[in-house]
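Okay, structure first, notes after.
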Amino acid sequence: MAEEVTVSTAAVGIAQRRAQRKLGYHLRRVPPVVWLCGLIMVSMVLAAAFAPLLAPRDPFEQSLLLRLTPPSWLEEGEPGYLLGTDEFGRDILSRMLHGARVSLGIGLLGVSIGTALGSLLGMLAGYFAGPVDELIMWFADMQLAFPFILLAIAIIAVLGPDSGDLPIKLVIIVGISGWMTYARVCRAVVLTLKEREFVQAVNALGGSDGRILFRHILPNILSPIIVLATLDLARLIILESTLSFLGLGVQPPRPSWGGMLGQGREYLDTAWWLSTFPGLAIMLTTLAISRGGDWLRDVLDPTLRSG
Amino acid sequence: MLKRQSAAHWAAGGAAIVALMLAACQPAPATPAKPTEAPKPAAPAASPAASPGASPAASPSPAAAAGPQPAAKVLQSGVATTKAPANKRDLVVATAADVTDFDPHMSTAINNITISFQIFDNLTTRDPDLNLIPQLATEWKSTGDLTWEFKLRPNVKWHNGDPLTARDVKFSIERTYDPEAKTQVATVFTTIDKIDAPNDTTVVFTTKKPDPLLPARLGFYGGQIIPEKYFKEVGADQFNRKPVGSGVVKFVEWVKDDHLTLEANKDYWGGAPDFDRAIFKPIPEPAARVAALMAGEADIILKVPSDQVDRLNQSDKARAEGAFYAGLYVLAVNSKAPPLDNAKIKQALSFATDRDAIVKSLWRGQGIVPNGFVSKGDTVGYDPNRPPLAYNLDRAKQLLQEGGYKNEPIIIESTQGQLQNDRQMAEAIIEMWKKAGINAQMEIIEASVRAQKVTQKTFKGLWWSDPTSTLQDPDGMMYRLLGPGGSQDYWRDPEGWDKLGDQARFSLDQKLRDENYKKMQDIMMVNFPWVPIVQPIESYGVAKYLNWRPNPNQLFQLRKEVLTFSR
Amino acid sequence: MRQFLVRRAFRAVAALWGISTIVFVVMRLSGDPVPLMLPPDAPASEIFRVRAELGLDQPLYIQYLVYFGNLARGDLGRSIHMRQPAMQIAAERLPATLELALGAFFLAVVVAIPAGLVSAARRNSIWDNLAMGLALIGQSAPTFYIGIMLILVMGLQLRLFPISGRGQGTWLELGDWPTMLSHMTLPAITLGAFTMASIARLTRSAVLEVMRQDFIRTARAKGLSELFVLVRHNLKNAAIPIVTIMGLQLGTLLGGAVVTETVFSWPGIGRLAIQSIFNRDYPVVQSAVVLVASFFVLVNFLVDLAYGWLDPRIRYA
């Protein structure tokens with residue numbers, strides 16, 4: 001939620017410079033927890049990138065005779081299926097590895113869309129003020145006044161689920177879910193910067209609006225945006241998995257963590273491994289990202305404090 | 001400081017995750033055997049179903065004698081412990097979806113007719129063996145080519161005490177096709193020309209052409225009889241909210257998506273049911289329904305997932321009861337969409353489908369592989385000598401080649417949870433088809449999108465359909481849908497199949513009809529307007545102390561002949 | 001201040017109007033509700049008749065004008081599937097959602113504030129680590145996963161709580177409380193987990209912050225008991241950020257209820273909205289959205305006011 005981030009705009013610039021000076025110091029003293037988070041993140045990304053090489057089996061290959069086999073380290077397990085099989089006898093580990101691509105991929109693409117859209121609109125709103133500002137903030141108000149998940153469901157009802165290999169619709173829906181946060185922060189920063197001498201000077205020298213925005217203002221909002229984006233990534237991964245859980249996200253038989261969890265729901269009491277492992281993967285990933293994001297915020301931009 | 005502290009957070013968090021997982025895993029060894037045994041086909045539910053179903057009907061103990069005693073006892077304990085899940089003479093039924101309408105003429109959805117058949121009676125109905133038996137009518141006969149005369153049960157009262165007469169019957173059935181009434185069942189009684197009620201217990205139907213199936217049709221949806229006087233007093237809206245019928249239970253209270261309370265009709269003409277109240281609770285999650293049954297919070301649960309059937313039968317609290325679905329689950333084919341306009345390709349689809357594996361694994365043996373296009377149990381057209389539809393990968397590949405298949409995508413548009421195992425079967429089938437070299441894909445569609453595609457005929461390839469006939473007749477199951485103008489009219493054979501179907505529809509000669517339907521199936525084995533997949537057994541979960549046997553064909557019944565407590 | 005209020009109120013109304021318009025358009029584009037209402041073999045004429053009856057055969061802008069005219073009079077039409085006024089259906093569901101949200105909120109506060117206090121007071125003890133570890137999990141686990149795990153462990157394995165639906169009875173009847181509470185426990189924990197975690201972490205850091213200040217040290221030096229100091233001085237001073245976030249979380253809870261209600265089959269407005277979207281029951285979707293959004297806007301508005309009231313340093317610029 002945007003309101004959770006209270007920005008003392010005047011402090012931004014100063015804090016930033018201070019933070020940048022302290023960056024080196026911080027990097028030398030990264031707490032082990034953050035290392036651990038980084039390690040988890042890197043291994044997740046690697047797992048996603050090299051899923052086809054790492055996966056012991058084809059994630060689509062069914063063997064109906066081996067369905068609902070428990071993990072291999074349990075008594076009833078079948079060797080070769082480390083995390084067991086699902087209701088079609090597909091290897092859960094392989095599906096999770098391939099699912100990592102979907103979850104992380106949609107999360108990262110979604111964040112890119114959100115950041116780009118949000119910072120652009122925020123900069124425009126802050127820079128031009130007046131009606132442009134009102135209009136953009138009106139949209140932000142609307143989206144904030146309403147559980148986004150309902151809007152997402154309605155939009156999917158209009159567009160229909162993705163059918164190809166690239167879940168483009170899903171990426172866009174996930175992407176637009178959080179632009180308001182970026183917009184508000186950017187707007188606040190821009191409002192402050194606008195009054196500063198160097199911007200005024202460029203303006204006086206006849207620099208175009210675009211030039212001012214992208215050459216002089218953009219670099220100054222990068223670090224709060226990076227921090228926000230990191231924290232937002234966790235939220236988007238959860239949103240994607242929630243939609244897939246409700247059956248509206250990535251379409252079967254393509255694996256995604258949320259989808260696996262949703263489909264495993266029917267087997268909660270008979271085959272717990274169907275939903276437990278994908279859920280743990282989501283949780284571990286978001287945990288690592290948000291803890292890492294917390295640290296990054298403390299280092300880069302201590303003024304962005306949230307609960 | 002920060003370092004140490006957050007490391008400890010993590011350790012604690014990790015410990016909590018491990019604890020949670022351990023808690024989750026622990027009971028797993030306690031319920032072993034299950035998963036590995038799974039692939040073996042479960043014993044068909046039909047055999048256990050037969051014995052308990054037969055006993056209550058035969059048992060002479062009159063409900064009236066057994067009634068008051070436990071009821072009084074429960075009243076006391078009921079006051080003492082409100083916590084107890086239910087009065088011992090409460091029957092709790094957990095359904096998959098809540099009611100939306102009580103007016104029986106305003107919906108044909110399964111969740112609604114499950115209830116309206118309890119509150120309202122028809123002239124006729126069916127027993128669990130699907131014989132047509134009297135309900136409000138005691139006898140009926142054809143008094144001419146175009147007339148049917150029904151004798152009504154005398155002295156039947158509505159729940160509000162008013163007498164039920166032939167005028168109510170005339171009013172109810174006329175209402176179904178009255179354009180002003182805007183009912184959802186306007187197409188059920190299109191053969192009726194007029195209805196007369198010469199006296200209080202006689203109804204005469206005059207039809208436009210000979211209609212041998214009228215008595216059977218009166219036994220299913222659209223045929224529920226509603227009270228003319230009460231209806232006219234309160235109006236359609238209020239009637240829908242607070243229905244008055246003549247059935248085995250009376251309406252008491254409904255809290256949407258929470259519970260529906262019905263009270264036993266002690267004055268029911270067929271005898272009071274063996275419970276005091278029936279409470280229907282919608283529990284959409286299948287696992288939660290099963291848990292409710294196991295925990296004693298429900299006595300009957302509908303739509304038990306196949307994977308839970310063994311588990312129920314192994315428990316000491318409940319059992320699974322099955323009834324053959326009086327129809328088939330098929331993938332209907334848009335035979336106009338290339339390459340599905342090519343019969344060879346459609347044959348290949350059928351040969352590439354390993355139905356045996358689907359029935360054994362996904363259905364856990366709760367169903368049979370169809371041997372054609374008519375369901376087992378239909379009165380005509382079913383040929384027991386026909387072998388089950390075959391699986392032959394090589395033949396499928398060969399047919400694809402002969403048909404000149406060029407890797408065009410073939411799409412199954414599957415719903416999720418509308419039919420039991422629909423999404424699961426689609427996922428399994430596309431993998432099977434891929435093995436044959438078919439570029440098979442699936443798309444999940446919502447129920448409302450499917451409904452739109454049915455009316456607009458815009459399916460991309462194949463979709464799930466559960467053709468059934470309320471009359472156990474291939475005309476309703478097959479020809480109604482696939483015939484000219486039907487909702488699945490995508491393939492025509494005017495000189496062959498269409499002619500046979502039309503002839504069978506209007507013939508009273510059962511032998512000719514039987515032969516026609518067999519011939520029609522031979523034609524369909526070439527053209528596959530459907531790819532039949534399974535004739536499933538619909539599973540219910542029933543508490544141990546309950547004697548109850550489900551009807552096939554979704555006619556849910558609570559009469560004392562089919563339901564008794566033994567706790 | 002007054003100017004702020006007026007502007008804020010104007011923006012709230014504008015946002016509500018915008019939302020209902022967007023939902024109107026999105027729902028109309030999402031497809032026709034009529035085929036689902038009728039039997040599959042209903043003739044085309046029947047479909048046209050029902051469409052005309054519902055006014056769905058009109059051009060979109062006429063439909064919108066009609067809708068908006070009715071909306072201005074507080075009439076949101078009748079449910080297509082349930083044949084009742086749509087607003088009535090939605091309003092009937094609101095109490096269940098509020099009940100759940102308040103339960104979750106209450107649980108969160110009751111657990112999180114003491115947990116945060118203890119964590120702060122006994123910093124780096126096993127309790128601190130356990131509480132903050134759980135809080136980290138609570139903040140990062142998806143709502144539906146927490147729900148699923150609770151169903152699995154507390155409901156199915158340990159059989160401690162019912163896993164579905166709302167208890168039958170009323171809060172007015174004391175005898176009904178056991179069943180009402182037992183049904184509410186798991187959904188409330190699920191919905192409250194995130195809030196609980198946030199409040200616990202915030203309480204801890206706010207208290208630590210205050211503890212460093214001089215007057216606390218003075219109080220301690222005066223020999224006042226540890227507990228007294230903790231509750232009397234700390235909590236009061238740490239209240240501002242805690243109360244603020246509590247207000248904010250109430251809105252978040254309403255959003256989270258959509259998922260929680262689906263997992264636990266809770267008969268609330270979130271589940272109604274999802275079902276109605278799937279059924280294309282436009283009037284009910286619109287009613288639910290207008291209700292929820294009004295509530296959201298109202299809560300945000302109050303939170304804004306609370307900011308100023310609790311901390312006069314915050315000005316409305």
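Letters A, B, ... mark the chains of the structure tokens in the order given; residue numbers begin at 1 per chain; ligand numbers begin at 1, in order shown.
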Spatial neighbours of A:Leu280, 12 Å, only C-alpha atoms, chain gap at least 3 places, as an NGL selection string: (:A and (96 or 257-258 or 260-261 or 273-277 or 283-288)) or (:B and (14 or 17-18 or 20-21)) or (:C and (137 or 140-142 or 145-146 or 148-149))
Within 9 Å of chain B, which residues of chain A are there when counting only C-alpha atoms? Please give them as a compact mmCIF listing (two decimals) with N, CA and C atoms, in the first residue's frame.
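The file below, part-v5.txt, is the result:
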```txt
# COMPACT_ATOMS: atom_id res chain seq x y z
N VAL A 30 27.96 -6.72 5.28
CA VAL A 30 26.66 -7.32 5.00
C VAL A 30 26.38 -8.40 6.04
N PRO A 31 25.25 -8.33 6.73
CA PRO A 31 24.97 -9.35 7.74
C PRO A 31 24.78 -10.72 7.09
N PRO A 32 25.11 -11.76 7.81
CA PRO A 32 25.03 -13.11 7.24
C PRO A 32 23.63 -13.46 6.75
N VAL A 33 22.63 -12.90 7.44
CA VAL A 33 21.26 -13.19 7.00
C VAL A 33 21.05 -12.72 5.57
N PHE A 60 6.19 -32.35 -17.97
CA PHE A 60 4.85 -32.66 -18.51
C PHE A 60 4.59 -34.15 -18.57
N GLU A 61 5.66 -34.94 -18.43
CA GLU A 61 5.52 -36.37 -18.65
C GLU A 61 4.70 -37.01 -17.54
N GLN A 62 3.62 -37.68 -17.95
CA GLN A 62 2.76 -38.31 -16.95
C GLN A 62 3.04 -39.80 -16.90
N LEU A 64 0.61 -42.40 -15.14
CA LEU A 64 -0.58 -42.51 -14.29
C LEU A 64 -0.46 -43.63 -13.26
N LEU A 65 0.43 -44.60 -13.54
CA LEU A 65 0.58 -45.69 -12.56
C LEU A 65 1.34 -45.23 -11.33
N LEU A 66 2.10 -44.16 -11.47
CA LEU A 66 2.90 -43.68 -10.34
C LEU A 66 2.31 -42.43 -9.72
N ARG A 67 1.01 -42.23 -9.91
CA ARG A 67 0.45 -40.98 -9.40
C ARG A 67 0.42 -40.95 -7.88
N LEU A 68 0.56 -39.73 -7.34
CA LEU A 68 0.49 -39.50 -5.91
C LEU A 68 1.49 -40.33 -5.11
N THR A 69 2.69 -40.49 -5.69
CA THR A 69 3.74 -41.18 -4.96
C THR A 69 4.40 -40.20 -3.99
N PRO A 70 4.58 -40.63 -2.72
CA PRO A 70 5.21 -39.72 -1.76
C PRO A 70 6.67 -39.45 -2.11
N LEU A 74 10.61 -40.87 1.88
CA LEU A 74 9.63 -41.46 2.78
C LEU A 74 9.50 -42.95 2.47
N GLU A 75 8.91 -43.66 3.39
CA GLU A 75 8.78 -45.10 3.27
C GLU A 75 8.19 -45.56 1.93
N GLU A 76 7.10 -44.88 1.53
CA GLU A 76 6.38 -45.33 0.35
C GLU A 76 6.94 -44.73 -0.93
N GLY A 77 7.97 -43.93 -0.77
CA GLY A 77 8.47 -43.17 -1.92
C GLY A 77 9.04 -44.04 -3.02
N GLU A 87 -0.96 -35.72 -9.14
CA GLU A 87 -2.07 -36.62 -9.45
C GLU A 87 -1.99 -37.23 -10.84
N PHE A 88 -1.03 -36.79 -11.65
CA PHE A 88 -0.81 -37.42 -12.95
C PHE A 88 0.49 -38.22 -12.98
N ALA A 157 -11.57 -12.20 -16.77
CA ALA A 157 -12.85 -12.64 -17.32
C ALA A 157 -13.08 -12.01 -18.69
N GLY A 160 -9.88 -13.42 -21.06
CA GLY A 160 -9.67 -14.86 -21.15
C GLY A 160 -8.25 -15.17 -20.72
N PRO A 161 -8.03 -16.40 -20.27
CA PRO A 161 -6.68 -16.72 -19.80
C PRO A 161 -5.68 -16.79 -20.95
N ASP A 162 -4.40 -16.70 -20.62
CA ASP A 162 -3.35 -16.80 -21.64
C ASP A 162 -3.36 -18.19 -22.24
N SER A 163 -3.14 -18.27 -23.55
CA SER A 163 -3.11 -19.60 -24.13
C SER A 163 -1.72 -19.98 -24.63
N GLY A 247 -6.99 -20.48 -10.10
CA GLY A 247 -7.24 -21.07 -11.41
C GLY A 247 -7.28 -20.05 -12.53
N LEU A 248 -6.84 -18.82 -12.26
CA LEU A 248 -6.93 -17.77 -13.27
C LEU A 248 -5.57 -17.37 -13.82
N GLN A 251 -1.98 -21.37 -17.09
CA GLN A 251 -2.92 -22.43 -17.39
C GLN A 251 -2.26 -23.80 -17.40
N PRO A 252 -2.95 -24.82 -16.88
CA PRO A 252 -2.41 -26.16 -16.95
C PRO A 252 -2.31 -26.60 -18.40
N PRO A 253 -1.41 -27.50 -18.76
CA PRO A 253 -0.55 -28.24 -17.84
C PRO A 253 0.75 -27.51 -17.49
N ARG A 265 -4.66 -28.75 -3.62
CA ARG A 265 -5.58 -28.52 -2.51
C ARG A 265 -6.53 -29.68 -2.30
N GLU A 266 -6.94 -30.31 -3.42
CA GLU A 266 -7.87 -31.44 -3.29
C GLU A 266 -7.24 -32.62 -2.58
N TYR A 267 -5.92 -32.64 -2.55
CA TYR A 267 -5.24 -33.81 -1.99
C TYR A 267 -4.58 -33.49 -0.66
N LEU A 268 -5.09 -32.47 0.00
CA LEU A 268 -4.44 -32.01 1.23
C LEU A 268 -4.26 -33.13 2.23
N ASP A 269 -5.31 -33.91 2.45
CA ASP A 269 -5.21 -34.89 3.52
C ASP A 269 -4.72 -36.24 3.03
N THR A 270 -4.69 -36.45 1.72
CA THR A 270 -4.21 -37.73 1.25
C THR A 270 -2.79 -37.63 0.69
N ALA A 271 -2.40 -36.50 0.15
CA ALA A 271 -1.07 -36.35 -0.44
C ALA A 271 -0.58 -34.93 -0.20
N TRP A 272 -0.11 -34.70 1.00
CA TRP A 272 0.24 -33.34 1.42
C TRP A 272 1.39 -32.76 0.60
N TRP A 273 2.23 -33.63 0.00
CA TRP A 273 3.41 -33.10 -0.68
C TRP A 273 3.07 -32.32 -1.94
N THR A 276 2.50 -28.74 -0.29
CA THR A 276 3.46 -28.25 0.70
C THR A 276 4.72 -27.68 0.05
N LEU A 280 6.19 -23.89 0.09
CA LEU A 280 7.46 -23.54 0.74
C LEU A 280 8.34 -22.74 -0.21
```
Between atom CA of A:Ile153 and atom CA of C:Gln58 - distance in Å to one decimal: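 Separating atom CA of C:Gln58 from atom CA of A:Ile153 is a distance of 25.4 Å.
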Interface, chain C side, toward chain A (7 Å; only C-alpha atoms) as a list in words: Ala15, Leu16, Gly18, Ile19, Val26, Met27, Leu29, Ser30, Ile137, Ser140, Ala141, Pro142, Tyr145, Leu152, Leu156, Ser198, Leu202, Gly255, Ile274, Ile277, Val292, Ala293, Phe296 and Val297 of chain C
Can you write out the residues you just picked, keeping N, CA and C atoms, as a PDB file, in the first residue's frame?
```
ATOM      1  N   ALA C  15     -13.265   9.019  -6.891  1.00  0.00           N
ATOM      2  CA  ALA C  15     -12.691   7.674  -6.995  1.00  0.00           C
ATOM      3  C   ALA C  15     -13.794   6.627  -7.057  1.00  0.00           C
ATOM      4  N   LEU C  16     -14.807   6.788  -6.230  1.00  0.00           N
ATOM      5  CA  LEU C  16     -15.919   5.824  -6.226  1.00  0.00           C
ATOM      6  C   LEU C  16     -16.620   5.793  -7.575  1.00  0.00           C
ATOM      7  N   GLY C  18     -15.366   6.639 -10.447  1.00  0.00           N
ATOM      8  CA  GLY C  18     -14.454   6.033 -11.414  1.00  0.00           C
ATOM      9  C   GLY C  18     -14.469   4.515 -11.312  1.00  0.00           C
ATOM     10  N   ILE C  19     -14.403   4.029 -10.089  1.00  0.00           N
ATOM     11  CA  ILE C  19     -14.380   2.579  -9.901  1.00  0.00           C
ATOM     12  C   ILE C  19     -15.638   1.942 -10.448  1.00  0.00           C
ATOM     13  N   VAL C  26     -15.935  -3.097 -17.600  1.00  0.00           N
ATOM     14  CA  VAL C  26     -15.238  -4.385 -17.615  1.00  0.00           C
ATOM     15  C   VAL C  26     -16.236  -5.538 -17.592  1.00  0.00           C
ATOM     16  N   MET C  27     -17.244  -5.431 -16.733  1.00  0.00           N
ATOM     17  CA  MET C  27     -18.201  -6.535 -16.641  1.00  0.00           C
ATOM     18  C   MET C  27     -18.995  -6.699 -17.933  1.00  0.00           C
ATOM     19  N   LEU C  29     -18.057  -6.043 -20.844  1.00  0.00           N
ATOM     20  CA  LEU C  29     -17.191  -6.615 -21.885  1.00  0.00           C
ATOM     21  C   LEU C  29     -16.935  -8.098 -21.637  1.00  0.00           C
ATOM     22  N   SER C  30     -17.162  -8.535 -20.409  1.00  0.00           N
ATOM     23  CA  SER C  30     -16.719  -9.884 -20.067  1.00  0.00           C
ATOM     24  C   SER C  30     -17.672 -10.962 -20.542  1.00  0.00           C
ATOM     25  N   ILE C 137       7.789 -14.836   8.804  1.00  0.00           N
ATOM     26  CA  ILE C 137       7.034 -15.784   7.982  1.00  0.00           C
ATOM     27  C   ILE C 137       5.647 -15.228   7.687  1.00  0.00           C
ATOM     28  N   SER C 140       5.640 -12.810   4.900  1.00  0.00           N
ATOM     29  CA  SER C 140       6.001 -13.176   3.537  1.00  0.00           C
ATOM     30  C   SER C 140       5.248 -14.376   2.983  1.00  0.00           C
ATOM     31  N   ALA C 141       4.523 -15.123   3.812  1.00  0.00           N
ATOM     32  CA  ALA C 141       3.788 -16.263   3.258  1.00  0.00           C
ATOM     33  C   ALA C 141       2.488 -15.778   2.643  1.00  0.00           C
ATOM     34  N   PRO C 142       2.126 -16.313   1.466  1.00  0.00           N
ATOM     35  CA  PRO C 142       0.856 -15.923   0.867  1.00  0.00           C
ATOM     36  C   PRO C 142      -0.310 -16.329   1.766  1.00  0.00           C
ATOM     37  N   TYR C 145      -1.648 -19.774   1.330  1.00  0.00           N
ATOM     38  CA  TYR C 145      -0.794 -20.864   1.806  1.00  0.00           C
ATOM     39  C   TYR C 145      -0.943 -21.044   3.307  1.00  0.00           C
ATOM     40  N   LEU C 152      -4.714 -28.055   6.792  1.00  0.00           N
ATOM     41  CA  LEU C 152      -4.044 -29.359   6.806  1.00  0.00           C
ATOM     42  C   LEU C 152      -3.692 -29.779   8.229  1.00  0.00           C
ATOM     43  N   LEU C 156      -7.398 -30.889   9.511  1.00  0.00           N
ATOM     44  CA  LEU C 156      -7.503 -32.268   9.050  1.00  0.00           C
ATOM     45  C   LEU C 156      -6.707 -33.238   9.921  1.00  0.00           C
ATOM     46  N   SER C 198       2.978  -7.616  11.019  1.00  0.00           N
ATOM     47  CA  SER C 198       3.362  -6.210  10.868  1.00  0.00           C
ATOM     48  C   SER C 198       3.293  -5.488  12.204  1.00  0.00           C
ATOM     49  N   LEU C 202       6.370  -3.867  14.314  1.00  0.00           N
ATOM     50  CA  LEU C 202       6.342  -2.434  14.532  1.00  0.00           C
ATOM     51  C   LEU C 202       6.342  -2.097  16.025  1.00  0.00           C
ATOM     52  N   GLY C 255      -9.360  -6.452   1.805  1.00  0.00           N
ATOM     53  CA  GLY C 255      -8.875  -6.990   0.538  1.00  0.00           C
ATOM     54  C   GLY C 255      -8.472  -8.451   0.671  1.00  0.00           C
ATOM     55  N   ILE C 274     -16.474 -12.721  -6.228  1.00  0.00           N
ATOM     56  CA  ILE C 274     -15.814 -13.643  -7.155  1.00  0.00           C
ATOM     57  C   ILE C 274     -16.844 -14.507  -7.873  1.00  0.00           C
ATOM     58  N   ILE C 277     -18.706 -12.538 -10.429  1.00  0.00           N
ATOM     59  CA  ILE C 277     -17.920 -12.288 -11.640  1.00  0.00           C
ATOM     60  C   ILE C 277     -17.994 -13.521 -12.531  1.00  0.00           C
ATOM     61  N   VAL C 292     -17.693  -2.280  -0.978  1.00  0.00           N
ATOM     62  CA  VAL C 292     -16.340  -2.460  -0.480  1.00  0.00           C
ATOM     63  C   VAL C 292     -15.517  -1.196  -0.681  1.00  0.00           C
ATOM     64  N   ALA C 293     -15.674  -0.599  -1.862  1.00  0.00           N
ATOM     65  CA  ALA C 293     -14.891   0.599  -2.149  1.00  0.00           C
ATOM     66  C   ALA C 293     -15.279   1.735  -1.214  1.00  0.00           C
ATOM     67  N   PHE C 296     -13.563   1.114   2.000  1.00  0.00           N
ATOM     68  CA  PHE C 296     -12.136   1.414   1.841  1.00  0.00           C
ATOM     69  C   PHE C 296     -11.887   2.908   1.956  1.00  0.00           C
ATOM     70  N   VAL C 297     -12.651   3.643   1.158  1.00  0.00           N
ATOM     71  CA  VAL C 297     -12.459   5.086   1.101  1.00  0.00           C
ATOM     72  C   VAL C 297     -12.684   5.695   2.477  1.00  0.00           C
TER      73      VAL C 297
END
```
Close residues, C:Phe194 itself excluded, 10 Å, only C-alpha atoms, min 3 positions apart in chain, as JSON, numbers by chain: {"C": [104, 108, 135, 136, 137, 138, 139, 140, 141, 142, 143, 146, 189, 190, 191, 197, 198, 199, 200, 249, 252, 253, 256]}
Interface, chain C side, toward chain B (7 Å; only C-alpha atoms) as a VMD selection string: chain C and resid 32 to 33 35 to 36 38 to 41 82 124 129 to 130 132 to 134 137 152 to 153 156 163 to 166 175 to 176 178 to 179 265 267 278 to 279
One-decimal distance in Å that lies between atom CA of B:Asp356 and atom CA of A:Asp91: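 Value for the atom CA of A:Asp91-atom CA of B:Asp356 distance: 22.1 Å.
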DSSP helix (DSSP H, G or I) residues within stretch 20-179 of chain C, as a PyMOL selection string: chain C and resi 20-29+34-37+44-53+60-72+86-121+126-140+143-157+174-179
9 Å contact set for C:Ala101, only C-alpha atoms, chain neighbours under 5 positions out, as a PyMOL selection string: chain C and resi 96+106+188+191-192+250+253-254+256-257
Shell of 10 Å around B:Lys336, only C-alpha atoms, local chain residues under 2 positions omitted, as a list in words: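 What passes the distance filter is Val333, Asn334, Pro338, Pro339, Leu340, Asp341, Asn342, Phe459, Lys460, Gly461, Asp489, Tyr490 and Trp491 of chain B.
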Residue among C:Val285, C:Leu54, C:Val109, C:Leu186 lying closest to C:Val66, counting only C-alpha atoms: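 Ranking C:Val285, C:Leu54, C:Val109, C:Leu186 by distance to C:Val66, first place goes to C:Leu54.
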Using only C-alpha atoms: which of C:Leu291, C:Met196, C:Leu5, C:Leu181 has the shortest distance to C:Gly74: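 When distances to C:Gly74 are compared using only C-alpha atoms, the smallest one comes from C:Leu291.
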Shell of 12 Å around stretch 108-111 of chain A, only C-alpha atoms, local chain residues under 2 positions omitted, as a count of residues only: 48
Atom-to-atom span, atom CA of B:Tyr540 and atom CA of B:Ile300, Å: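 So the answer is 7.0 Å.
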Filtered DSSP result for stretch 68-260 of chain B, state strand (DSSP E), as a VMD selection string: chain B and resid 90 to 95 124 to 126 132 to 134 137 to 142 147 to 152 192 to 199 202 to 207 249 to 255 259 to 260
Spatial neighbours of C:Ala121, 9 Å, only C-alpha atoms, chain gap at least 2 places, as a list in words: Gly116, Leu117, Val118, Ser119, Arg123, Asp128, Arg204, Val207, Leu208, Glu226 and Leu230 of chain C
